[in-house]
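A.B. asks: First the structure, which I've put down as structure tokens, then a few questions once you've had a look.
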Amino acid sequence: MKKITMAIMILAAGVFAQAKNSNLIIHDLIQIKMPGKLVKSGKFELSKEQKQQLMQKVKPIMHEKYNVKMQEAYVLEKKIQRAIKKGKSIQELESDVTKLAEIKKEATLLKITARSNLYNILNDKQRTMWEEYEKGNVKISSKTSCK
């Protein structure tokens, strides 16, 4: 119970800190990078089969499931922020904060699944490029056209 209360207090403190920013940016529970820019740049040189697998195994997860969860989280974060501004107690916020944590957990698991699916679609050369991209060793030009 103490762990749950502590987690709620930490989440509420984070939400309160963001409440000042009217242009809220919704964050994942944990940061998980996806190589969207790398894919769109054409540097991966995906085959037709890989593109088809991407459309079947990654895009539906990210666009139809993950994004929906993050939209739910955004709405709930805004609700919690408004409640905090109105002086609601932690007891009044506990249920919504717990629900927010659950939504972000589900979104995180979806993103991990999508990332794993994408990784499995790539060949060794593409995986190495992705690893180098994540280290900052592969640059994407803003002028790079999408293939």
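Going through the structure tokens in order, the chains are called A, B, and so on, while each chain numbers its residues from 1 and the ligands are numbered from 1 in the order shown.
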Compile the contact shell of range 71-80 of chain A as a ChimeraX atom specification: residues with an atom at most 8 Å away, counting only C-alpha atoms, same-chain residues fewer than 6 positions apart removed.
C.D. replies: /A:15,26,93,96-97,100,103-104
A.B. asks: Which residues are near Asn117 in chain A? Cut-off 9 Å, only C-alpha atoms, ignore same chain within fewer than 6 positions. Put them as an MDAnalysis selection string.
C.D. replies: chainID A and resid 53:54 57:58
A.B. asks: Could you name the residues that touch range 125-128 of chain A at 9 Å or less, counting only C-alpha atoms, but leaving out those on the same chain fewer than 5 positions away, as a short mmCIF file (atom, residue, chain, number, x, y, z; two decimals) with C-alpha atoms, in the first residue's frame?
C.D. replies:
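Saved result, result-v7.cif, follows:
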data_model
loop_
_atom_site.label_atom_id
_atom_site.label_comp_id
_atom_site.auth_asym_id
_atom_site.auth_seq_id
_atom_site.Cartn_x
_atom_site.Cartn_y
_atom_site.Cartn_z
CA LYS A 43 17.90 4.74 -45.04
CA PHE A 44 16.61 1.31 -44.01
CA GLU A 45 15.92 0.45 -47.65
CA LEU A 46 13.00 -1.76 -46.67
CA TYR A 119 13.16 -5.34 -34.87
CA ASN A 120 12.18 -8.84 -36.01
CA TYR A 133 20.98 5.66 -35.00
#
A.B. asks: What lies within 10 Å of Arg115 in chain A using only C-alpha atoms, ignoring chain neighbours under 4 positions off, as a ChimeraX atom specification?
C.D. replies: /A:32-35,57-58,61-62,109-111,119-121
A.B. asks: Hey, which of A:Asp124, A:Leu38, A:Ser116, A:Lys59 ends up closest to Gly136 in chain A? Count only C-alpha atoms.
C.D. replies: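 Nearest to Gly136 in chain A: A:Leu38.
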A.B. asks: What does the structure give for the distance between CA of Glu134 in chain A and CA of Ala101 in chain A, in Å to one decimal?
C.D. replies: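 For CA of Glu134 in chain A relative to CA of Ala101 in chain A, the distance reads 26.7 Å.
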A.B. asks: Please report the interatomic distance between CA of Ser47 in chain A and CA of Tyr66 in chain A in Å with one decimal.
C.D. replies: 25.2 Å
A.B. asks: At what distance in Å, to one decimal, does CA of Ile30 in chain A lie from CA of Lys85 in chain A?
C.D. replies: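 Going from CA of Lys85 in chain A over to CA of Ile30 in chain A, I get 25.6 Å.
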A.B. asks: Taking the DSSP assignment computed from this structure's backbone, write out as JSON, numbers by chain all residues of range 27-136 of chain A that belong to alpha helix (DSSP H).
C.D. replies: {"A": [36, 37, 38, 39, 40, 41, 48, 49, 50, 51, 52, 53, 54, 55, 56, 57, 59, 67, 68, 69, 70, 71, 72, 73, 74, 75, 76, 77, 78, 79, 80, 81, 82, 83, 84, 85, 90, 91, 92, 93, 94, 95, 96, 97, 98, 99, 100, 101, 102, 103, 104, 105, 106, 107, 108, 109, 110, 111, 112, 113, 114, 115, 116, 117, 118, 119, 120, 121, 124, 125, 126, 127, 128, 129, 130, 131, 132, 133, 134, 135]}
A.B. asks: Point out the residue among A:Ser95, A:Ser89, A:Asn137, A:Asn123 with the least atom-to-atom distance to Gln50 in chain A, counting only C-alpha atoms.
C.D. replies: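 Of A:Ser95, A:Ser89, A:Asn137, A:Asn123, the one nearest Gln50 in chain A, counting only C-alpha atoms, is A:Asn123.
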